[in-house]
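This is query-v4.tsv (TSV, C-alpha atoms).
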```
chain	number	residue	atom	x	y	z
A	1	MET	CA	189.37	43.78	179.75
A	2	GLN	CA	188.47	47.31	178.76
A	3	THR	CA	190.91	50.09	179.50
A	4	PRO	CA	189.73	53.34	181.16
A	5	ARG	CA	190.17	55.14	177.84
A	6	VAL	CA	187.88	52.66	176.04
A	7	ARG	CA	185.27	52.93	178.80
A	8	ALA	CA	185.42	56.73	178.70
A	9	LEU	CA	185.01	56.65	174.92
A	10	GLY	CA	181.98	54.37	175.29
A	11	VAL	CA	180.41	56.72	177.83
A	12	ALA	CA	181.06	59.71	175.58
A	13	VAL	CA	179.49	57.98	172.59
A	14	GLY	CA	176.47	56.99	174.68
A	15	ILE	CA	175.99	60.56	175.90
A	16	ALA	CA	176.32	61.91	172.35
A	17	LEU	CA	173.73	59.41	171.06
A	18	ALA	CA	171.36	60.27	173.93
A	19	VAL	CA	171.67	63.99	173.17
A	20	MET	CA	170.97	63.37	169.47
A	21	ALA	CA	167.97	61.16	170.32
A	22	VAL	CA	166.48	63.81	172.63
A	23	THR	CA	167.13	66.52	170.04
A	24	SER	CA	165.39	64.45	167.34
A	25	LEU	CA	162.40	63.51	169.49
A	26	PHE	CA	161.83	66.90	171.12
A	27	PRO	CA	159.95	68.49	168.15
A	28	PHE	CA	157.52	65.55	168.10
A	29	PHE	CA	157.05	65.78	171.89
A	30	TRP	CA	156.39	69.52	171.60
A	31	ASN	CA	153.93	68.93	168.76
A	32	LEU	CA	152.13	66.22	170.77
A	33	CYS	CA	151.76	68.47	173.82
A	34	SER	CA	150.77	71.57	171.84
A	35	ALA	CA	148.01	69.71	169.99
A	36	PHE	CA	146.10	69.48	173.27
A	37	LYS	CA	146.79	72.98	174.56
A	38	PRO	CA	144.63	76.09	174.17
A	39	VAL	CA	146.13	78.47	171.62
A	40	SER	CA	146.94	80.97	174.37
A	41	GLU	CA	149.05	78.39	176.20
A	42	ILE	CA	151.07	77.41	173.11
A	43	PHE	CA	152.81	80.80	173.22
A	44	THR	CA	153.08	81.09	177.00
A	45	TYR	CA	156.50	82.19	178.26
A	46	PRO	CA	158.16	80.45	179.94
A	47	PRO	CA	156.80	77.57	177.86
A	48	THR	CA	154.88	74.69	179.39
A	49	PHE	CA	155.68	71.21	178.15
A	50	ILE	CA	152.77	69.39	179.76
A	51	PRO	CA	149.41	71.10	179.04
A	52	ARG	CA	148.02	72.93	182.05
A	53	SER	CA	144.57	72.96	180.47
A	54	PHE	CA	144.17	69.71	178.54
A	55	THR	CA	141.63	70.31	175.76
A	56	PHE	CA	140.24	68.75	172.57
A	57	GLU	CA	139.27	72.17	171.24
A	58	ASN	CA	141.80	72.05	168.42
A	59	ILE	CA	140.43	68.72	167.15
A	60	GLN	CA	136.88	70.08	167.35
A	61	ARG	CA	137.89	73.17	165.36
A	62	LEU	CA	139.58	71.00	162.76
A	63	THR	CA	136.44	68.91	162.25
A	64	ALA	CA	134.28	72.05	162.20
A	65	TYR	CA	136.31	73.97	159.61
A	66	PHE	CA	137.29	70.93	157.52
A	67	PRO	CA	134.43	68.39	157.68
A	68	HIS	CA	136.01	66.19	154.99
A	69	PHE	CA	139.33	65.71	156.78
A	70	PRO	CA	138.58	62.07	157.87
A	71	ARG	CA	137.97	61.26	154.20
A	72	ASN	CA	141.19	63.08	153.28
A	73	ILE	CA	143.10	60.94	155.77
A	74	LEU	CA	141.60	57.78	154.26
A	75	ASN	CA	142.65	59.01	150.81
A	76	SER	CA	146.24	59.35	152.03
A	77	VAL	CA	146.11	55.93	153.70
A	78	PHE	CA	144.84	54.32	150.48
A	79	LEU	CA	147.60	55.87	148.36
A	80	ALA	CA	150.26	55.18	151.01
A	81	LEU	CA	149.39	51.47	150.83
A	82	ILE	CA	148.67	50.84	147.15
A	83	VAL	CA	151.63	52.82	145.75
A	84	PRO	CA	154.30	51.08	147.90
A	85	LEU	CA	152.80	47.66	147.15
A	86	LEU	CA	152.96	48.30	143.42
A	87	GLN	CA	156.43	49.83	143.65
A	88	VAL	CA	157.86	46.90	145.60
A	89	THR	CA	156.23	44.40	143.21
A	90	PHE	CA	157.37	45.98	139.95
A	91	ASN	CA	160.77	47.18	141.18
A	92	SER	CA	161.62	43.74	142.56
A	93	MET	CA	160.49	42.01	139.37
A	94	ALA	CA	162.59	44.38	137.26
A	95	GLY	CA	165.55	43.94	139.60
A	96	PHE	CA	165.21	40.17	139.25
A	97	ALA	CA	165.16	40.41	135.47
A	98	PHE	CA	168.19	42.71	135.33
A	99	SER	CA	170.23	40.62	137.78
A	100	LYS	CA	169.30	36.98	137.14
A	101	LEU	CA	167.98	36.72	133.58
A	102	GLU	CA	169.94	36.87	130.34
A	103	PHE	CA	168.26	38.65	127.43
A	104	LYS	CA	169.27	40.88	124.56
A	105	GLY	CA	169.65	44.56	125.48
A	106	ARG	CA	169.55	43.94	129.24
A	107	ASP	CA	172.48	46.17	130.10
A	108	PHE	CA	171.34	48.92	127.73
A	109	LEU	CA	167.84	48.97	129.21
A	110	PHE	CA	169.23	49.10	132.73
A	111	ALA	CA	171.58	51.94	131.80
A	112	ALA	CA	168.67	53.82	130.23
A	113	ALA	CA	166.62	53.36	133.38
A	114	ILE	CA	169.46	54.61	135.58
A	115	ALA	CA	170.00	57.58	133.26
A	116	THR	CA	166.51	58.82	134.09
A	117	MET	CA	167.74	59.49	137.63
A	118	LEU	CA	169.80	62.36	136.20
A	119	ILE	CA	166.62	64.19	135.16
A	120	PRO	CA	165.15	66.41	137.92
A	121	SER	CA	161.74	65.12	138.89
A	122	THR	CA	160.24	68.62	138.81
A	123	SER	CA	161.02	68.94	135.10
A	124	GLY	CA	158.60	66.09	134.36
A	125	TYR	CA	155.51	67.55	136.00
A	126	ILE	CA	154.37	69.58	132.98
A	127	PRO	CA	154.66	66.68	130.47
A	128	LEU	CA	153.06	64.40	133.05
A	129	PHE	CA	150.19	66.85	133.57
A	130	ILE	CA	149.62	67.06	129.79
A	131	GLU	CA	149.72	63.28	129.48
A	132	MET	CA	147.25	62.74	132.32
A	133	SER	CA	145.00	65.44	130.91
A	134	LYS	CA	144.88	63.75	127.50
A	135	LEU	CA	144.14	60.42	129.19
A	136	LYS	CA	141.38	62.15	131.20
A	137	LEU	CA	142.89	60.94	134.46
A	138	LEU	CA	143.17	64.28	136.24
A	139	ASP	CA	141.31	64.41	139.55
A	140	ASN	CA	141.62	60.63	139.63
A	141	TYR	CA	143.84	58.53	141.88
A	142	LEU	CA	145.22	56.76	138.82
A	143	ALA	CA	147.06	60.01	138.03
A	144	ILE	CA	148.95	59.49	141.31
A	145	ILE	CA	149.33	55.71	141.15
A	146	LEU	CA	150.41	55.08	137.55
A	147	PRO	CA	153.50	57.38	137.47
A	148	ALA	CA	154.65	55.98	140.84
A	149	MET	CA	154.33	52.26	140.05
A	150	SER	CA	158.08	51.92	139.53
A	151	SER	CA	161.24	53.96	139.99
A	152	ALA	CA	164.75	53.73	138.60
A	153	PHE	CA	166.28	53.97	142.06
A	154	GLY	CA	164.08	51.14	143.35
A	155	VAL	CA	165.03	48.93	140.40
A	156	PHE	CA	168.70	49.69	141.06
A	157	LEU	CA	168.41	48.77	144.76
A	158	PHE	CA	166.68	45.46	144.07
A	159	ARG	CA	169.10	44.58	141.27
A	160	GLN	CA	172.11	45.11	143.52
A	161	CYS	CA	170.46	43.18	146.35
A	162	MET	CA	169.55	40.25	144.12
A	163	PHE	CA	173.10	39.94	142.82
A	164	ALA	CA	173.90	38.59	146.29
A	165	VAL	CA	171.43	35.70	145.96
A	166	PRO	CA	173.65	32.59	145.69
A	167	ALA	CA	173.86	31.17	142.21
A	168	ALA	CA	173.82	27.67	143.74
A	169	LEU	CA	170.23	28.18	144.88
A	170	MET	CA	169.15	29.32	141.43
A	171	ASP	CA	170.90	26.42	139.70
A	172	ALA	CA	169.46	23.87	142.11
A	173	ALA	CA	165.94	25.22	141.56
A	174	ARG	CA	166.39	25.14	137.76
A	175	ILE	CA	167.56	21.53	137.95
A	176	ASP	CA	164.35	20.75	139.85
A	177	GLY	CA	162.37	22.24	136.98
A	178	ALA	CA	161.55	25.70	138.33
A	179	ASN	CA	160.74	28.35	135.73
A	180	ASP	CA	161.63	32.05	136.06
A	181	LEU	CA	158.39	32.97	137.83
A	182	ARG	CA	158.88	30.19	140.36
A	183	LEU	CA	162.48	31.25	140.91
A	184	TYR	CA	161.31	34.77	141.64
A	185	THR	CA	158.44	33.86	143.98
A	186	ARG	CA	159.91	30.85	145.81
A	187	ILE	CA	163.65	31.57	145.90
A	188	VAL	CA	164.40	35.26	145.47
A	189	VAL	CA	161.47	36.96	147.22
A	190	PRO	CA	161.93	35.15	150.58
A	191	LEU	CA	165.64	36.01	150.56
A	192	VAL	CA	165.22	39.71	149.78
A	193	LYS	CA	162.28	40.19	152.16
A	194	PRO	CA	164.22	42.68	154.35
A	195	MET	CA	164.95	44.80	151.28
A	196	MET	CA	161.30	44.63	150.23
A	197	ILE	CA	160.15	45.78	153.66
A	198	THR	CA	162.74	48.56	153.66
A	199	ALA	CA	161.58	49.73	150.24
A	200	PHE	CA	157.95	49.50	151.36
A	201	ILE	CA	158.60	51.65	154.44
A	202	SER	CA	160.48	54.27	152.42
A	203	SER	CA	157.84	54.42	149.70
A	204	CYS	CA	155.01	54.46	152.23
A	205	ILE	CA	156.47	57.45	154.09
A	206	THR	CA	157.23	59.28	150.84
A	207	THR	CA	153.72	58.72	149.48
A	208	TRP	CA	152.06	59.65	152.77
A	209	ASN	CA	153.92	62.98	152.84
A	210	ASP	CA	153.68	63.67	149.09
A	211	TYR	CA	152.22	67.09	148.37
A	212	PHE	CA	153.27	68.66	145.08
A	213	TRP	CA	152.00	66.22	142.42
A	214	PRO	CA	148.75	65.34	144.26
A	215	PHE	CA	148.14	69.07	144.64
A	216	ILE	CA	148.42	69.45	140.86
A	217	ALA	CA	146.49	66.33	139.90
A	218	LEU	CA	143.60	66.38	142.40
A	219	LYS	CA	140.93	69.08	142.62
A	220	THR	CA	137.78	67.67	144.23
A	221	GLU	CA	137.75	68.42	147.95
A	222	THR	CA	136.77	64.91	148.97
A	223	ARG	CA	139.59	63.41	146.90
A	224	LEU	CA	142.40	65.55	148.30
A	225	THR	CA	145.10	63.96	150.43
A	226	PHE	CA	145.71	65.13	153.98
A	227	PRO	CA	149.01	67.01	153.31
A	228	ILE	CA	147.13	69.22	150.82
A	229	VAL	CA	144.42	69.96	153.38
A	230	LEU	CA	147.00	70.68	156.07
A	231	ALA	CA	148.91	73.06	153.81
A	232	GLY	CA	145.69	74.87	152.91
A	233	ILE	CA	144.54	75.43	156.49
A	234	GLN	CA	146.23	78.81	156.87
A	235	GLY	CA	145.00	80.07	153.51
A	236	GLN	CA	141.36	79.31	154.32
A	237	MET	CA	141.24	81.11	157.66
A	238	PHE	CA	141.70	84.76	158.65
A	239	GLU	CA	144.15	83.84	161.41
A	240	VAL	CA	147.06	81.47	161.79
A	241	PRO	CA	145.32	78.53	163.52
A	242	TRP	CA	148.33	77.16	165.37
A	243	GLY	CA	146.26	74.73	167.41
A	244	ILE	CA	144.69	73.19	164.30
A	245	ILE	CA	148.08	73.09	162.59
A	246	MET	CA	149.55	71.23	165.58
A	247	VAL	CA	146.77	68.63	165.44
A	248	GLY	CA	147.22	68.22	161.69
A	249	ALA	CA	150.99	67.88	162.03
A	250	LEU	CA	150.48	65.26	164.74
A	251	ILE	CA	148.11	63.27	162.53
A	252	LEU	CA	150.60	63.51	159.67
A	253	THR	CA	153.51	62.33	161.83
A	254	LEU	CA	151.98	59.46	163.80
A	255	PRO	CA	151.52	56.97	160.90
A	256	THR	CA	155.18	57.39	159.94
A	257	ILE	CA	156.31	56.49	163.45
A	258	ILE	CA	153.86	53.59	163.68
A	259	ILE	CA	154.89	52.11	160.32
A	260	TYR	CA	158.60	52.33	161.06
A	261	GLY	CA	158.19	51.05	164.62
A	262	THR	CA	156.13	48.08	163.44
A	263	LEU	CA	158.23	46.99	160.48
A	264	SER	CA	161.77	48.07	161.39
A	265	LYS	CA	162.52	44.75	163.13
A	266	TYR	CA	162.39	43.01	159.75
A	267	ILE	CA	165.19	45.16	158.31
A	268	VAL	CA	168.00	43.90	160.53
A	269	PRO	CA	168.16	40.07	160.06
A	270	ASP	CA	170.75	38.53	157.75
A	271	ILE	CA	168.84	37.88	154.54
A	272	PHE	CA	170.98	35.00	153.37
A	273	GLY	CA	171.85	33.33	156.67
A	274	GLY	CA	171.36	29.60	156.42
A	275	SER	CA	170.33	29.57	152.78
A	276	VAL	CA	173.42	27.70	151.67
A	277	LYS	CA	175.09	25.05	153.76
A	278	GLY	CA	178.85	24.60	153.50
```
Starting from the file, lay out its structure as structure tokens.
Amino acid sequence: MQTPRVRALGVAVGIALAVMAVTSLFPFFWNLCSAFKPVSEIFTYPPTFIPRSFTFENIQRLTAYFPHFPRNILNSVFLALIVPLLQVTFNSMAGFAFSKLEFKGRDFLFAAAIATMLIPSTSGYIPLFIEMSKLKLLDNYLAIILPAMSSAFGVFLFRQCMFAVPAALMDAARIDGANDLRLYTRIVVPLVKPMMITAFISSCITTWNDYFWPFIALKTETRLTFPIVLAGIQGQMFEVPWGIIMVGALILTLPTIIIYGTLSKYIVPDIFGGSVKG
């Protein structure tokens, strides 16, 4: 039976969580409402939360000033799907090799990979630009995809996760004649599925919002990603188009919420429950 102090603590924690949730969601709610307001109403004081004059004018202005923006969105969608898929594939394979396979120089190679995390990512943009230029990959999506196919942090996460895969499962599969590829695809991958989905969500959001390197590597207007277009809106107009910016910010935010809301349920389950019976 709960004491009054425990109940009061539970109520206090619930109120604190509710306040934090409202605080976190309010900017998105404001952005959603402002995207469908006339510019004059966005700055009305006292502010209006629900649009008094619901309008699609801001969307129409966005399509008028930036006719390629649907293509730019598709560019971002393409990269936000292909890069996470490649990252999850190669990071998980490397994590499997570093955690479950024995080969000469394994620990040294892993230490070298982890050491690259000490190097600031911004310091690699100039060498990367020179490399992509010599390979004639600038203004090509391969310049975005190839450097992002794997990451030291992703390899580290998968390695640590795969250490928890029971050795009994691996030994039993080897006795049944499974090779390393079969061990990876049939034993390890199903067990680390929550980690793979978590890594996919994280990479997907990061790639969707990525601005700096795509801004350097891509030049053709129809190949630009949407964050680049959104950042360039103010510089291409003689005014600060707050209505268009609100629509662009809404478009940039919605996929993140949809992806997390759709896939987050796969993160929680116990990844090894029931795999080994007493």
- Residues near range 22-26 of chain A, cut-off 12 Å, all atoms listed in the file, skip fewer than 6 positions along chain, as number ranges by chain: A: 15-16, 32-33, 49, 253, 257
- Contacts of Thr262 in chain A within 12 Å, only C-alpha atoms, excl. fewer than 6 positions in-chain, as a PyMOL selection string: chain A and resi 197-198+201+255-256
- Task: Rank A:Ser123, A:Thr222, A:Thr44, A:Ser264 by their smallest atom-to-atom distance to Arg71 in chain A, using all atoms listed in the file, and report the top residue only.
- Result: A:Thr222
Return as AutoDock Vina command-line options the box centre and box size in Å, one decimal, for an axis-aligned box around all listed atoms of range 142-145 of chain A padded by 3 Å per side.
```
--center_x 147.3 --center_y 57.9 --center_z 139.7 --size_x 10.1 --size_y 10.3 --size_z 9.3
```
- Item | Which of A:Ile216, A:Ala8, A:Val188, A:Ile145 sits closest to Leu81 in chain A [using only C-alpha atoms] |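 Nearest to Leu81 in chain A: A:Ile145.
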- Message: Which residue is closest to Pro241 in chain A? Choose from A:Arg106, A:Arg186, A:Lys193, A:Arg61 and count all atoms listed in the file.
- Response: A:Arg61
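Pairwise distance (CA of Asp180 in chain A, CA of Met162 in chain A) equals 14.0 Å.
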- Message: Measuring between only C-alpha atoms, which one of A:Phe66, A:Trp30, A:Phe43, A:Phe153 shows the shortest distance to Phe226 in chain A?
- Response: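 Checking each candidate against Phe226 in chain A, we get A:Phe66 as the closest.
For the choices A:Arg7, A:Tyr184, A:Ile114, A:Ser40, the atom-to-atom distance to Ser151 in chain A is smallest for A:Ile114 when using all atoms listed in the file.
Using all atoms listed in the file, the smallest distance between any of A:Ile259, A:Val165, A:Leu250, A:Ile144 and Phe29 in chain A comes from A:Leu250.
Between CA of Leu169 in chain A and CA of Gln87 in chain A lies a distance of 25.7 Å.
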- Query: Please, what distance in Å, to one decimal, runs between CA of Ala94 in chain A and CA of Ala167 in chain A?
  - Reply: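 Interatomic distance here is 18.1 Å.
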- Message: When you look at Val229 in chain A with a cut-off of 10 Å (counting all atoms listed in the file), what residues show up, excluding the ones that are within fewer than 6 positions of it in the same chain? I need them as a VMD selection string.
- Response: chain A and resid 66 68 to 69 72 to 73 211 215 221 236 248
Dump all heavy atoms of range 23-35 of chain A from the given block, as a tab-separated table (two decimals), in the first residue's frame.
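Contents of the output file part14.tsv:
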```
chain	number	residue	atom	x	y	z
A	23	THR	N	6.22	21.72	-22.84
A	23	THR	CA	7.30	22.63	-23.24
A	23	THR	C	7.99	22.16	-24.52
A	23	THR	O	8.35	22.96	-25.39
A	23	THR	CB	8.33	22.75	-22.10
A	23	THR	OG1	7.67	23.19	-20.92
A	23	THR	CG2	9.43	23.74	-22.47
A	24	SER	N	8.18	20.83	-24.63
A	24	SER	CA	8.84	20.28	-25.81
A	24	SER	C	7.96	20.35	-27.05
A	24	SER	O	8.46	20.58	-28.16
A	24	SER	CB	9.25	18.82	-25.55
A	24	SER	OG	10.12	18.74	-24.45
A	25	LEU	N	6.65	20.15	-26.88
A	25	LEU	CA	5.75	20.09	-28.02
A	25	LEU	C	5.24	21.47	-28.45
A	25	LEU	O	4.76	21.61	-29.58
A	25	LEU	CB	4.54	19.20	-27.68
A	25	LEU	CG	4.83	17.70	-27.53
A	25	LEU	CD1	3.59	16.97	-27.06
A	25	LEU	CD2	5.34	17.12	-28.83
A	26	PHE	N	5.35	22.46	-27.58
A	26	PHE	CA	4.79	23.77	-27.92
A	26	PHE	C	5.43	24.39	-29.16
A	26	PHE	O	4.70	24.94	-30.01
A	26	PHE	CB	4.93	24.74	-26.73
A	26	PHE	CG	4.39	26.11	-27.03
A	26	PHE	CD1	3.01	26.34	-27.05
A	26	PHE	CD2	5.25	27.16	-27.30
A	26	PHE	CE1	2.51	27.60	-27.34
A	26	PHE	CE2	4.75	28.42	-27.59
A	26	PHE	CZ	3.38	28.64	-27.60
A	27	PRO	N	6.77	24.36	-29.34
A	27	PRO	CA	7.33	24.94	-30.57
A	27	PRO	C	6.78	24.30	-31.83
A	27	PRO	O	6.54	25.00	-32.83
A	27	PRO	CB	8.84	24.69	-30.42
A	27	PRO	CG	9.05	24.58	-28.95
A	27	PRO	CD	7.82	23.91	-28.42
A	28	PHE	N	6.59	22.98	-31.82
A	28	PHE	CA	6.02	22.32	-33.00
A	28	PHE	C	4.58	22.76	-33.22
A	28	PHE	O	4.15	22.98	-34.36
A	28	PHE	CB	6.10	20.80	-32.83
A	28	PHE	CG	5.41	20.05	-33.93
A	28	PHE	CD1	5.97	19.97	-35.20
A	28	PHE	CD2	4.20	19.41	-33.71
A	28	PHE	CE1	5.34	19.28	-36.23
A	28	PHE	CE2	3.55	18.73	-34.73
A	28	PHE	CZ	4.12	18.66	-35.98
A	29	PHE	N	3.80	22.88	-32.14
A	29	PHE	CA	2.42	23.32	-32.25
A	29	PHE	C	2.35	24.75	-32.81
A	29	PHE	O	1.54	25.04	-33.70
A	29	PHE	CB	1.75	23.26	-30.87
A	29	PHE	CG	0.36	23.85	-30.84
A	29	PHE	CD1	-0.70	23.18	-31.43
A	29	PHE	CD2	0.12	25.08	-30.24
A	29	PHE	CE1	-1.98	23.71	-31.41
A	29	PHE	CE2	-1.15	25.62	-30.21
A	29	PHE	CZ	-2.21	24.94	-30.80
A	30	TRP	N	3.24	25.61	-32.32
A	30	TRP	CA	3.29	26.99	-32.82
A	30	TRP	C	3.67	27.01	-34.30
A	30	TRP	O	3.11	27.77	-35.09
A	30	TRP	CB	4.28	27.80	-31.99
A	30	TRP	CG	4.46	29.20	-32.47
A	30	TRP	CD1	5.49	29.68	-33.25
A	30	TRP	CD2	3.57	30.30	-32.26
A	30	TRP	NE1	5.30	31.01	-33.51
A	30	TRP	CE2	4.13	31.42	-32.91
A	30	TRP	CE3	2.37	30.45	-31.57
A	30	TRP	CZ2	3.52	32.67	-32.90
A	30	TRP	CZ3	1.77	31.70	-31.55
A	30	TRP	CH2	2.34	32.79	-32.21
A	31	ASN	N	4.65	26.21	-34.67
A	31	ASN	CA	5.07	26.12	-36.07
A	31	ASN	C	3.92	25.63	-36.95
A	31	ASN	O	3.67	26.17	-38.04
A	31	ASN	CB	6.26	25.18	-36.16
A	31	ASN	CG	6.78	24.98	-37.57
A	31	ASN	OD1	7.40	23.98	-37.89
A	31	ASN	ND2	6.53	25.91	-38.46
A	32	LEU	N	3.20	24.60	-36.50
A	32	LEU	CA	2.08	24.05	-37.25
A	32	LEU	C	0.99	25.10	-37.47
A	32	LEU	O	0.47	25.25	-38.59
A	32	LEU	CB	1.50	22.84	-36.52
A	32	LEU	CG	0.25	22.19	-37.11
A	32	LEU	CD1	0.56	21.61	-38.49
A	32	LEU	CD2	-0.27	21.09	-36.20
A	33	CYS	N	0.67	25.85	-36.44
A	33	CYS	CA	-0.38	26.87	-36.56
A	33	CYS	C	0.09	28.04	-37.43
A	33	CYS	O	-0.67	28.54	-38.28
A	33	CYS	CB	-0.78	27.38	-35.18
A	33	CYS	SG	-1.59	26.15	-34.14
A	34	SER	N	1.33	28.47	-37.26
A	34	SER	CA	1.84	29.62	-37.99
A	34	SER	C	1.99	29.34	-39.48
A	34	SER	O	1.94	30.27	-40.29
A	34	SER	CB	3.19	30.07	-37.41
A	34	SER	OG	3.06	30.44	-36.05
A	35	ALA	N	2.18	28.07	-39.85
A	35	ALA	CA	2.33	27.73	-41.26
A	35	ALA	C	1.07	28.03	-42.06
A	35	ALA	O	1.14	28.23	-43.28
A	35	ALA	CB	2.70	26.26	-41.42
```
